[in-house]
Structure formats: C-alpha cells, structure tokens
Amino acid sequence: MADDEWQIERLDLEGYLSALGIAAREPSPAALAELHEAHVRTFTFDNIDVLLEQHPGVELDAVQEKFLGRGRGGYCFEHVSIFAAALERLGYRVRRGLGRVRSQETGALGGRTHMVAEATVDGERWLCDPGFGMSPLRPIRMSDGAEDDYLPGWRYRVRHTDTGEWELLRHREQGWELAHTTDPLAVRPVDVAMGNHFTSTYPTSHFRFGLMLAKHLPGRHVTLTHATLTIRTPGAATEHRRLEDGELARWLTELEVNLTADERARLLAWADAADRAA
C-alpha cells in the first residue's frame with residue numbers, strides 16, 4: 001500500500017513526539033513499547049466532539065490538528081491514524097486493521113468499527129491498540145496465546161482463530177473476557193472514513209448518546225460516563241459508582257481534557273441533561 005494513501009508525510013512528527021515527551025529512536029521492540037505507552041498516557045479516549053456535534057473527521061490533517069493543535073484525544077480511528085503514521089515515519093512496517101468490539105452488556109460482537117495497528121520489528125509482529133477504552137499500555141506480540149502482564153494485575157492475551165482473526169482478551173475479576181477481534185482484510189482510508197461515519201452519525205450509535213472518557217493515570221485507569229466513575233487499579237477490586245454533583249467538571253481538569261470555555265460549558269450542560277433524562 002502506498003504511503004501517500006495515508007498522507008503520512010503530512011504528519012508533524014517532531015510535534016507528535018514532543019507532545020509525547022519522547023525522542024525519535026530506531027525501530028526496536030523497546031522503542032515501540034515506549035512510543036505506545038507514551039501515546040496512551042498522553043491522549044484521552046473520548047467521544048466528546050461527537051456529543052458536541054463538531055467531530056472533524058479522521059483524515060490525518062484533521063486528527064493531528066485535534067491531537068497536536070488542540071491537545072485533545074479521541075477514539076480508535078483517530079488514535080490509530082496518527083499513531084500508525086508516526087510508526088511509518090519512524091521506519092516501522094505497519095499494517096492497519098479493523099475489527100469488532102464485544103458488547104459488555106450482551107456479549108455480541110459489533111460491526112467493523114474498531115481500529116488497531118500491527119507493527120513488524122525484526123520479523124516479529126506486534127499488536128498495537130492505542131485507541132481502545134482501556135488500551136493495553138504496551139504492544140502485545142502476535143503469537144497465539146501470548147500474554148502481556150506489564151503491570152501485574154492487568155493481563156492481556158492474544159489468540160489466533162481458525163478464521164484468521166486475532167482476538168484480544170483481558171483478564172477481569174471473573175476471568176478472561178474477549179475485548180475485540182481484528183480481521184485479516186486489507187484496510188484503506190475509505191474503510192476508516194466509513195467506520196467513523198457510522199460511529200459518529202448513526203442514530204443508535206452509543207457514541208452519540210453517552211459520554212465515554214478514559215485515561216491511564218499513574219497507577220490507575222479512570223473511565224467516566226456522564227453519570228458514573230470507574231477506577232481500575234492493578235491487582236485491586238474495581239471501584240464503580242455514580243458521580244457526585246460537580247464531580248465531572250473536576251475530572252475534566254484532572255484528566256487534562258483541553259476544552260475551550262464554550263466546549264466545557266456545552267459538555268457539562270449535555271451531561272446534566274442526559275443524567276436527568278436517564
């Protein structure tokens with residue numbers, strides 16, 4: 001696939017690495033792990049621009065203006081678009097993949113609306129998943145049954161199926177749980193644009209009707225909806241409770257969500273209305 005199809009030369013690589021607080025390094029498993037963790041810790045996973053009816057799209061120019069220009073985060077199509085472009089500019093061989101997320105409520109797999117990247121280093125393939133709600137901090141080697149326990153207590157496993165898909169599983173209190181699958185089909189920019197269009201505009205897309213905001217903080221992972229708070233700590237029981245009055249505003253500051261005053265006011269008003277309507 002031609003590099004210019006993904007517009008990778010338009011990436012401000014220096015600005016991206018500066019935002020992550022790391023330097024460019026020659027491709028290696030250690031350098032890949034450093035880049036992945038820095039990205040996941042720097043940018044939030046969120047659907048705020050969808051809720052505010054101002055999502056800019058997933059072309060690289062729009063994504064980097066949002067992430068680097070506005071200091072914001074986003075969801076998988078955005079995270080992987082900029083992360084994969086950076087990988088290629090740094091000399092990695094990259095394959096973009098689409099897959100299906102498992103619903104925690106029903107257990108069913110959704111449409112092809114999750115995006116990952118696969119990086120090859122020294123002949124080994126690594127699954128990079130920087131745009132999941134609770135992303136692994138580091139890539140996972142793509143070998144059937146391979147596990148990641150980078151932070152003891154947060155375990156991930158990959159599994160290769162008979163149909164050629166790769167499954168990502170995470171270990172929770174009740175045992176191993178399927179998070180999502182990635183299929184072997186080729187991905188082109190139009191596929192990403194179509195997946196994003198569904199995610200951000202389809203009338204019943206859950207991205208349009210509930211706040212999703214998550215970030216890795218030192219020693220814990222925080223997930224917020226308009227009404228609830230979930231804190232996961234490696235090796236400890238998960239804390240899940242309703243938000244108190246005014247708490248969402250405090251978490252927007254704690255998670256360093258860079259909103260303008262108008263955006264912040266509109267988001268808090270939306271969250272208050274959604275909570276009252278629930």
# chains A, B, ... in the order shown; residues from 1 in each chain; ligands from 1
>>> residues_around(residues="range 26-39 of chain A", least_positions_apart="5", cutoff="10 Å", atoms="only C-alpha atoms", output="ChimeraX atom specification")
/A:16-17,19-21,44,79,82-83,86-88,90-93,119-122,124-126,128-131,135-141,216
>>> residues_around(residues="Cys76 in chain A", least_positions_apart="4", cutoff="7 Å", atoms="only C-alpha atoms", output="list in words")
Val80, His114, Met115, Gly131 and Phe132 of chain A
>>> write_last_selection(atoms="all heavy atoms", output="PDB file, in the first residue's frame")
ATOM      1  N   VAL A  80      -5.346   5.624  16.127  1.00  0.00           N
ATOM      2  CA  VAL A  80      -4.533   4.749  15.279  1.00  0.00           C
ATOM      3  C   VAL A  80      -4.068   5.472  14.021  1.00  0.00           C
ATOM      4  O   VAL A  80      -2.962   5.214  13.527  1.00  0.00           O
ATOM      5  CB  VAL A  80      -5.303   3.455  14.942  1.00  0.00           C
ATOM      6  CG1 VAL A  80      -4.510   2.582  13.969  1.00  0.00           C
ATOM      7  CG2 VAL A  80      -5.597   2.671  16.220  1.00  0.00           C
ATOM      8  N   HIS A 114     -13.726  -0.985  15.087  1.00  0.00           N
ATOM      9  CA  HIS A 114     -12.550  -0.770  15.937  1.00  0.00           C
ATOM     10  C   HIS A 114     -11.309  -0.862  15.053  1.00  0.00           C
ATOM     11  O   HIS A 114     -11.247  -1.686  14.137  1.00  0.00           O
ATOM     12  CB  HIS A 114     -12.452  -1.796  17.056  1.00  0.00           C
ATOM     13  CG  HIS A 114     -11.295  -1.531  17.981  1.00  0.00           C
ATOM     14  ND1 HIS A 114     -11.125  -0.316  18.605  1.00  0.00           N
ATOM     15  CD2 HIS A 114     -10.232  -2.303  18.339  1.00  0.00           C
ATOM     16  CE1 HIS A 114     -10.019  -0.356  19.329  1.00  0.00           C
ATOM     17  NE2 HIS A 114      -9.455  -1.535  19.180  1.00  0.00           N
ATOM     18  N   MET A 115     -10.326  -0.013  15.331  1.00  0.00           N
ATOM     19  CA  MET A 115      -9.126   0.053  14.517  1.00  0.00           C
ATOM     20  C   MET A 115      -7.891  -0.166  15.374  1.00  0.00           C
ATOM     21  O   MET A 115      -7.789   0.350  16.492  1.00  0.00           O
ATOM     22  CB  MET A 115      -9.030   1.412  13.815  1.00  0.00           C
ATOM     23  CG  MET A 115      -7.906   1.515  12.789  1.00  0.00           C
ATOM     24  SD  MET A 115      -7.927   3.135  11.965  1.00  0.00           S
ATOM     25  CE  MET A 115      -6.597   2.914  10.774  1.00  0.00           C
ATOM     26  N   GLY A 131      -6.095   2.938  20.868  1.00  0.00           N
ATOM     27  CA  GLY A 131      -7.365   3.654  20.847  1.00  0.00           C
ATOM     28  C   GLY A 131      -8.533   2.879  21.394  1.00  0.00           C
ATOM     29  O   GLY A 131      -9.674   3.076  20.983  1.00  0.00           O
ATOM     30  N   PHE A 132      -8.288   1.977  22.355  1.00  0.00           N
ATOM     31  CA  PHE A 132      -9.369   1.242  22.995  1.00  0.00           C
ATOM     32  C   PHE A 132      -9.730   1.978  24.284  1.00  0.00           C
ATOM     33  O   PHE A 132      -8.957   2.785  24.796  1.00  0.00           O
ATOM     34  CB  PHE A 132      -8.920  -0.191  23.288  1.00  0.00           C
ATOM     35  CG  PHE A 132     -10.045  -1.161  23.508  1.00  0.00           C
ATOM     36  CD1 PHE A 132     -11.101  -1.233  22.623  1.00  0.00           C
ATOM     37  CD2 PHE A 132     -10.035  -2.004  24.605  1.00  0.00           C
ATOM     38  CE1 PHE A 132     -12.133  -2.134  22.820  1.00  0.00           C
ATOM     39  CE2 PHE A 132     -11.061  -2.916  24.810  1.00  0.00           C
ATOM     40  CZ  PHE A 132     -12.116  -2.979  23.925  1.00  0.00           C
TER      41      PHE A 132
END
>>> select_by_dssp(residues="range 229-267 of chain A", states="alpha helix (DSSP H)", output="list in words")
Glu247, Leu248, Ala249, Arg250, Trp251, Leu252, Thr253, Glu254, Ala261, Asp262, Glu263, Arg264, Ala265, Arg266 and Leu267 of chain A
>>> atom_distance(atom1="CA of His171 in chain A", atom2="CA of Arg241 in chain A")
21.2 Å
>>> atom_distance(atom1="CA of Arg188 in chain A", atom2="CA of Asp144 in chain A")
26.0 Å
>>> atom_distance(atom1="CA of Leu169 in chain A", atom2="CA of Val190 in chain A")
28.0 Å
>>> residues_around(residues="Gly69 in chain A", least_positions_apart="3", cutoff="12 Å", atoms="only C-alpha atoms", output="list in words")
Asp12, Gly15, Tyr16, Ala19, Asp61, Ala62, Val63, Gln64, Glu65, Lys66, Arg72, Gly73, Asn258 and Leu259 of chain A
>>> residues_around(residues="range 261-275 of chain A", least_positions_apart="6", cutoff="7 Å", atoms="only C-alpha atoms", output="ChimeraX atom specification")
/A:52,226-227
>>> select_by_dssp(residues="range 98-273 of chain A", states="strand (DSSP E)", output="PyMOL selection string")
chain A and resi 98-102+109-121+124-128+140-141+147-148+156-160+166-172+175-182+213-217+220-224+228-232+239-242
>>> residues_around(residues="range 96-100 of chain A", least_positions_apart="5", cutoff="7 Å", atoms="only C-alpha atoms", output="JSON, numbers by chain")
{"A": [109, 110, 111, 112, 113, 114, 115, 116, 117, 118, 180, 181, 182, 183, 187]}
>>> write_last_selection(atoms="N, CA and C atoms", output="CSV table (one decimal), in the first residue's frame")
chain,number,residue,atom,x,y,z
A,109,LEU,N,-20.7,-9.3,19.2
A,109,LEU,CA,-19.7,-8.6,18.5
A,109,LEU,C,-20.4,-7.5,17.6
A,110,GLY,N,-19.9,-6.3,17.6
A,110,GLY,CA,-20.5,-5.3,16.7
A,110,GLY,C,-19.9,-5.3,15.3
A,111,GLY,N,-20.1,-4.2,14.6
A,111,GLY,CA,-19.6,-4.1,13.2
A,111,GLY,C,-18.1,-3.8,13.3
A,112,ARG,N,-17.5,-3.6,12.1
A,112,ARG,CA,-16.1,-3.4,12.0
A,112,ARG,C,-15.7,-2.0,12.3
A,113,THR,N,-15.9,-1.6,13.5
A,113,THR,CA,-15.7,-0.2,13.9
A,113,THR,C,-14.7,0.0,15.0
A,114,HIS,N,-13.7,-1.0,15.1
A,114,HIS,CA,-12.5,-0.8,15.9
A,114,HIS,C,-11.3,-0.9,15.1
A,115,MET,N,-10.3,0.0,15.3
A,115,MET,CA,-9.1,0.1,14.5
A,115,MET,C,-7.9,-0.2,15.4
A,116,VAL,N,-7.0,-1.0,14.9
A,116,VAL,CA,-5.7,-1.2,15.5
A,116,VAL,C,-4.6,-1.1,14.5
A,117,ALA,N,-3.4,-1.2,14.9
A,117,ALA,CA,-2.2,-1.2,14.0
A,117,ALA,C,-1.4,-2.4,14.4
A,118,GLU,N,-0.7,-2.9,13.3
A,118,GLU,CA,0.2,-4.0,13.5
A,118,GLU,C,1.6,-3.6,13.1
A,180,HIS,N,-12.0,-7.6,21.9
A,180,HIS,CA,-12.4,-7.3,20.5
A,180,HIS,C,-11.6,-8.3,19.6
A,181,THR,N,-12.0,-8.3,18.3
A,181,THR,CA,-11.3,-9.1,17.3
A,181,THR,C,-10.8,-8.2,16.2
A,182,THR,N,-9.8,-8.7,15.5
A,182,THR,CA,-9.2,-8.0,14.3
A,182,THR,C,-9.2,-8.9,13.2
A,183,ASP,N,-9.7,-8.6,12.0
A,183,ASP,CA,-9.7,-9.5,10.9
A,183,ASP,C,-8.5,-9.2,10.0
A,187,VAL,N,-7.1,-2.8,4.8
A,187,VAL,CA,-7.8,-1.6,5.2
A,187,VAL,C,-7.3,-0.4,4.4
>>> residues_around(residues="Glu59 in chain A", least_positions_apart="5", cutoff="10 Å", atoms="only C-alpha atoms", output="PyMOL selection string")
chain A and resi 6-7+64+77-78+81-82+189-190+192-193
>>> closest_residue(among="A:Glu147, A:Asp191, A:Glu239, A:Glu247", to="Trp176 in chain A", atoms="only C-alpha atoms")
A:Glu147
>>> closest_residue(among="A:Pro152, A:Phe45, A:Ala146, A:Arg102", to="Ala236 in chain A", atoms="only C-alpha atoms")
A:Pro152
